[in-house]
Amino acid sequence: MQPRDVTLFALHLRHWKAILGGAILIVLGVLIGFALPFLTKDVIDALEQGTATKPYLLKVCGLYLLGATMAALCARGMRRLLIMLGYKISTRLRRLIFVQLSRLDRTFYLKEQTGDIMTRMTSDVRAITDMIGMGVLHTFRSVMTFVVGFTVMFSIDAQLATVVAVLLPLMTGVVFVIVFFVRKRYAASQEQFSLLSSFAQENFAGIRLVKGFGIEDRQNEAFGELNDEYMRRNLAQSRIECPSWPVVGALLTIGLVLIVYVGGLRVIAGEPGMTVGTIVQFMQYFFFVQWPMMALGWTMNLMVKGNISWKRIRHLLDAEPAIQDGNHAVERLGGDIEFRHVSLKFGELIALDDINLRIPEGKIVALTGPTGCGKTLLASLLVRQYDPSEGQVFIGVEDIRDVPVQALRDHVRIALQEPFLFSVSLGDNIGYGLPAELGSATDPDNPSADAMQRVLHAAHTASFQQEAEDFPDGLRTELGERGVTLSGGQRQRASIARALTGNPNVLVLDDTLSAIDTQTEATIIKRLVPVLRQRTALIVSHRISSLRFADFIVVMERGRITQIGSHEDLVSQEGYYRELDIMQRLAAQLEEHE
Ligand SMILES: Nc1ncnc2c1ncn2[C@@H]1O[C@H](COP(=O)(O)OP(=O)(O)OP(=O)(O)O)[C@@H](O)[C@H]1O
Ligand SMILES: [Mg+2]
């Protein structure tokens, strides 16, 4: 099932047996519930009239126990089914959402906030689980109770039934009003709680900044304010809740009192058909129906909440990736790259402006230019993180929009400017570039020797092998929150190695040598060049030392290409590159003098 085809109905339909089972148990439970008070009435009247005998009492008590046991079994069975149903549906829903989120691309994530997406995956799914589990079947139970209950009660005695019929909807109404108002305040306090936890989380994530700048007091103060507001909102919630529940209790007492009084007067008057047994029977009915009827007020709110959440989830499921898959399957894309009249716009901003560039197969091309000139954007067009607003990008003879995205991304690998590492082992982080069927290089149960060999090879080329092996567990070292943190330069080399593992035909290094000292840089370049010669490479950098060995260098300024040529060509021309060269020479000389 595709995410966009999912409906609440379809989610339920797969579990129709459980739902039918639950419904049958509910009907049975309700019928037993209304049958038992008949026994009560019978036994009380028999005792009063003196017709009861010991065997009769034993029979009634036996029947009562049997009925109550059956009712309990029905209730237990129903709860089990309900809870299972809720879990099954929410598990499936979470998975569908995750799959859909993986399908969506950059454009979507630029618009949406991570916190909000997380809320949809957690508390909105929870609200739907509640609606399904509690909401649907409880509502069904309330309706059944109402229908069966009033049919039975009116057939016994219209006057007492009317007393119940007047009071019960009142109780439902009160509960509904309480829940309605509490929910609004509950939402406000949940919102505040979100703020509170985001603040704490950000504070701990940025603890180095907090400590480094000595701003603990300011942060403590800010947290205190958020925390106080959270308390105020909770108090506001309880101000409604606390005085309201006693009203419900009072209505219940009034109901019982009225039944006794109205029924009692008629017993005193000796009205035929009205007995002490009937009064007690009605008192039992009143108890029996009051809970499902009050629950109706509560479940109606669950349904409303669930529906709102479902709309929020639908918003995710309906989103379409901006990058549509091409369907022209190709054996192997060529290595020639061409940008033909490529422009990229973000609203008013023209980030790339009429770019024309050809990179023949097997060439190493360097790309430089002032910060913000569009280098990363140009590189990201090659893996279709964005599609050009105008113009075309070709790899080999194919417009890259025509080939399947997966094939393109296997063919072109990019080492990102801001390398991201997952909280898994270092080896697996590097191995993300490998085909999945190869397995994990560092899986403790089933390590893949082939994967390990390729990871080591890539790490060697990126000049990272030695350091990686020096970590406490070598490539098995866990990274991230519960493990080792890599330095900036180490991250960059891990990211280069990751891009290399897949053995791509086109390799893009987006400023991934910037945090590396010049000596290590030289080693990496020496090892990389023979590797790059066998493919097509685009190297983005601000450093002459990383640029000069390229076959030719492209200079970009403000989204346009302004110069193209070899190092020698460009230093002999007026322009950005020559200035960069002079500045970096001066800096090097100054360093030498110091
Ligand atoms: N998704 C986006 N939406 C709007 N503007 C963007 C987006 N991505 C990039 N830009 C803008 O496009 C311009 C080029 O960005 P880009 O990241 O390509 O610069 P760069 O040349 O790689 O710079 P640096 O050398 O600092 O890495 C910048 O002005 C940036 O703010
Ligand atoms: Mg960049």
# chains A, B, ... in the order shown; residues from 1 in each chain; ligands from 1
>>> select_by_dssp(residues="segment 349-431 of chain A", states="strand (DSSP E)", output="list of chain:residue names")
A:Leu349, A:Ile350, A:Ala351, A:Leu352, A:Asp353, A:Asp354, A:Ile355, A:Asn356, A:Leu357, A:Arg358, A:Ile359, A:Ile364, A:Val365, A:Ala366, A:Leu367, A:Thr368, A:Glu390, A:Gly391, A:Gln392, A:Val393, A:Phe394, A:Ile395, A:Glu398, A:Asp399, A:Val412, A:Arg413, A:Ile414, A:Ala415
>>> residues_near_ligand(ligand="ligand 2", cutoff="10 Å", atoms="only C-alpha atoms and all ligand atoms", output="count of residues only")
22
>>> closest_residue(among="A:Asp45, A:Arg76, A:Ala458, A:His411", to="Gly273 of chain A", atoms="only C-alpha atoms")
A:Asp45
>>> residues_around(residues="Val60 of chain A", least_positions_apart="6", cutoff="12 Å", atoms="only C-alpha atoms", output="NGL selection string")
:A and (36-44 or 46 or 52-54 or 66-67)
>>> atom_distance(atom1="atom CA of Ile496 of chain A", atom2="atom CA of His341 of chain A")
29.6 Å
>>> atom_distance(atom1="atom CA of Ser425 of chain A", atom2="atom CA of Ala205 of chain A")
20.7 Å
>>> closest_residue(among="A:Met303, A:Cys61, A:Val397, A:Ile97", to="Ile337 of chain A", atoms="only C-alpha atoms")
A:Val397
>>> residues_around(residues="segment 216-227 of chain A", least_positions_apart="2", cutoff="12 Å", atoms="only C-alpha atoms", output="ChimeraX atom specification")
/A:189,191-204,206-214,229-234
>>> residues_around(residues="Arg493 of chain A", least_positions_apart="2", cutoff="8 Å", atoms="only C-alpha atoms", output="ChimeraX atom specification")
/A:459,462-464,489-491,495-497,512-513
>>> write_last_selection(atoms="C-alpha atoms", output="JSON list (two decimals), in the first residue's frame")
[["chain", "number", "residue", "atom", "x", "y", "z"],
["A", 459, "ALA", "CA", 40.04, 4.92, 4.84],
["A", 462, "ALA", "CA", 41.44, 9.29, 2.72],
["A", 463, "SER", "CA", 44.49, 9.08, 4.98],
["A", 464, "PHE", "CA", 42.30, 8.08, 7.90],
["A", 489, "GLY", "CA", 39.26, 16.99, 10.24],
["A", 490, "GLN", "CA", 38.48, 13.40, 11.20],
["A", 491, "ARG", "CA", 34.85, 13.86, 10.22],
["A", 495, "SER", "CA", 33.17, 11.48, 4.87],
["A", 496, "ILE", "CA", 35.67, 11.29, 1.99],
["A", 497, "ALA", "CA", 36.20, 7.60, 2.75],
["A", 512, "THR", "CA", 36.15, 18.34, 2.58],
["A", 513, "LEU", "CA", 39.80, 19.17, 3.03]]
>>> closest_residue(among="A:Phe180, A:Phe346, A:Tyr432, A:Phe287", to="ligand 1", atoms="only C-alpha atoms and all ligand atoms")
A:Phe346
>>> closest_residue(among="A:Phe181, A:Arg106, A:Pro360, A:Val262", to="ligand 1", atoms="only C-alpha atoms and all ligand atoms")
A:Arg106
>>> residues_around(residues="Ala165 of chain A", least_positions_apart="6", cutoff="12 Å", atoms="only C-alpha atoms", output="PDB file with N, CA and C atoms, in the first residue's frame")
ATOM      1  N   PHE A 146     -27.152   2.237  25.686  1.00  0.00           N
ATOM      2  CA  PHE A 146     -28.247   3.185  25.605  1.00  0.00           C
ATOM      3  C   PHE A 146     -29.490   2.517  24.999  1.00  0.00           C
ATOM      4  N   VAL A 147     -29.281   1.877  23.854  1.00  0.00           N
ATOM      5  CA  VAL A 147     -30.413   1.279  23.136  1.00  0.00           C
ATOM      6  C   VAL A 147     -31.029   0.139  23.945  1.00  0.00           C
ATOM      7  N   GLY A 149     -30.526  -0.638  27.085  1.00  0.00           N
ATOM      8  CA  GLY A 149     -30.910  -0.173  28.413  1.00  0.00           C
ATOM      9  C   GLY A 149     -32.289   0.450  28.420  1.00  0.00           C
ATOM     10  N   PHE A 150     -32.526   1.402  27.524  1.00  0.00           N
ATOM     11  CA  PHE A 150     -33.807   2.097  27.589  1.00  0.00           C
ATOM     12  C   PHE A 150     -34.960   1.242  27.089  1.00  0.00           C
ATOM     13  N   THR A 151     -34.651   0.312  26.172  1.00  0.00           N
ATOM     14  CA  THR A 151     -35.708  -0.620  25.759  1.00  0.00           C
ATOM     15  C   THR A 151     -36.154  -1.432  26.970  1.00  0.00           C
ATOM     16  N   MET A 153     -35.625  -0.808  30.249  1.00  0.00           N
ATOM     17  CA  MET A 153     -36.165  -0.008  31.364  1.00  0.00           C
ATOM     18  C   MET A 153     -37.584   0.485  31.076  1.00  0.00           C
ATOM     19  N   PHE A 154     -37.818   0.980  29.833  1.00  0.00           N
ATOM     20  CA  PHE A 154     -39.158   1.480  29.531  1.00  0.00           C
ATOM     21  C   PHE A 154     -40.177   0.347  29.505  1.00  0.00           C
ATOM     22  N   ASP A 157     -40.820  -0.117  33.504  1.00  0.00           N
ATOM     23  CA  ASP A 157     -41.550   0.962  34.173  1.00  0.00           C
ATOM     24  C   ASP A 157     -41.187   2.310  33.560  1.00  0.00           C
ATOM     25  N   ALA A 158     -42.151   2.930  32.937  1.00  0.00           N
ATOM     26  CA  ALA A 158     -41.893   4.155  32.174  1.00  0.00           C
ATOM     27  C   ALA A 158     -41.471   5.310  33.086  1.00  0.00           C
ATOM     28  N   GLN A 159     -42.072   5.386  34.297  1.00  0.00           N
ATOM     29  CA  GLN A 159     -41.796   6.533  35.152  1.00  0.00           C
ATOM     30  C   GLN A 159     -40.343   6.536  35.659  1.00  0.00           C
ATOM     31  N   MET A 171     -25.571  13.983  32.762  1.00  0.00           N
ATOM     32  CA  MET A 171     -24.234  13.578  33.212  1.00  0.00           C
ATOM     33  C   MET A 171     -23.273  13.518  32.034  1.00  0.00           C
ATOM     34  N   THR A 172     -23.749  12.951  30.912  1.00  0.00           N
ATOM     35  CA  THR A 172     -22.905  12.899  29.707  1.00  0.00           C
ATOM     36  C   THR A 172     -22.477  14.312  29.302  1.00  0.00           C
ATOM     37  N   GLY A 255     -29.821  10.996  41.263  1.00  0.00           N
ATOM     38  CA  GLY A 255     -30.503   9.937  40.512  1.00  0.00           C
ATOM     39  C   GLY A 255     -30.976   8.832  41.427  1.00  0.00           C
ATOM     40  N   ILE A 259     -34.866   7.773  42.351  1.00  0.00           N
ATOM     41  CA  ILE A 259     -35.418   6.432  42.077  1.00  0.00           C
ATOM     42  C   ILE A 259     -36.068   5.880  43.343  1.00  0.00           C
ATOM     43  N   PHE A 282     -33.746  -0.959  39.352  1.00  0.00           N
ATOM     44  CA  PHE A 282     -33.477   0.305  38.651  1.00  0.00           C
ATOM     45  C   PHE A 282     -32.214   0.989  39.156  1.00  0.00           C
ATOM     46  N   TYR A 285     -29.511  -0.626  37.389  1.00  0.00           N
ATOM     47  CA  TYR A 285     -29.424  -0.158  35.998  1.00  0.00           C
ATOM     48  C   TYR A 285     -28.754   1.219  35.924  1.00  0.00           C
ATOM     49  N   PHE A 286     -29.147   2.049  36.864  1.00  0.00           N
ATOM     50  CA  PHE A 286     -28.607   3.398  36.863  1.00  0.00           C
ATOM     51  C   PHE A 286     -27.079   3.364  37.003  1.00  0.00           C
ATOM     52  N   VAL A 289     -25.552   1.874  33.659  1.00  0.00           N
ATOM     53  CA  VAL A 289     -25.513   2.712  32.454  1.00  0.00           C
ATOM     54  C   VAL A 289     -24.749   4.013  32.645  1.00  0.00           C
ATOM     55  N   GLN A 290     -24.568   4.435  33.908  1.00  0.00           N
ATOM     56  CA  GLN A 290     -23.961   5.765  34.059  1.00  0.00           C
ATOM     57  C   GLN A 290     -22.522   5.816  33.530  1.00  0.00           C
ATOM     58  N   MET A 293     -22.320   5.949  29.674  1.00  0.00           N
ATOM     59  CA  MET A 293     -22.864   7.215  29.184  1.00  0.00           C
ATOM     60  C   MET A 293     -21.900   8.370  29.470  1.00  0.00           C
TER      61      MET A 293
END
>>> closest_residue(among="A:Thr501, A:Gln324, A:Ser389, A:Ser566", to="Leu438 of chain A", atoms="only C-alpha atoms")
A:Thr501
>>> closest_residue(among="A:Thr139, A:Ser155, A:Ser343, A:Thr119", to="ligand 1", atoms="only C-alpha atoms and all ligand atoms")
A:Ser343
>>> residues_around(residues="Leu357 of chain A", least_positions_apart="6", cutoff="12 Å", atoms="only C-alpha atoms", output="PyMOL selection string")
chain A and resi 336-342+365+367+378+391-395+538+552-556+560-564
>>> atom_distance(atom1="atom CA of Ala515 of chain A", atom2="atom CA of Arg558 of chain A")
24.2 Å
>>> select_by_dssp(residues="segment 361-503 of chain A", states="alpha helix (DSSP H)", output="PyMOL selection string")
chain A and resi 375-381+405-411+426-431+449-461+465-470+488-501
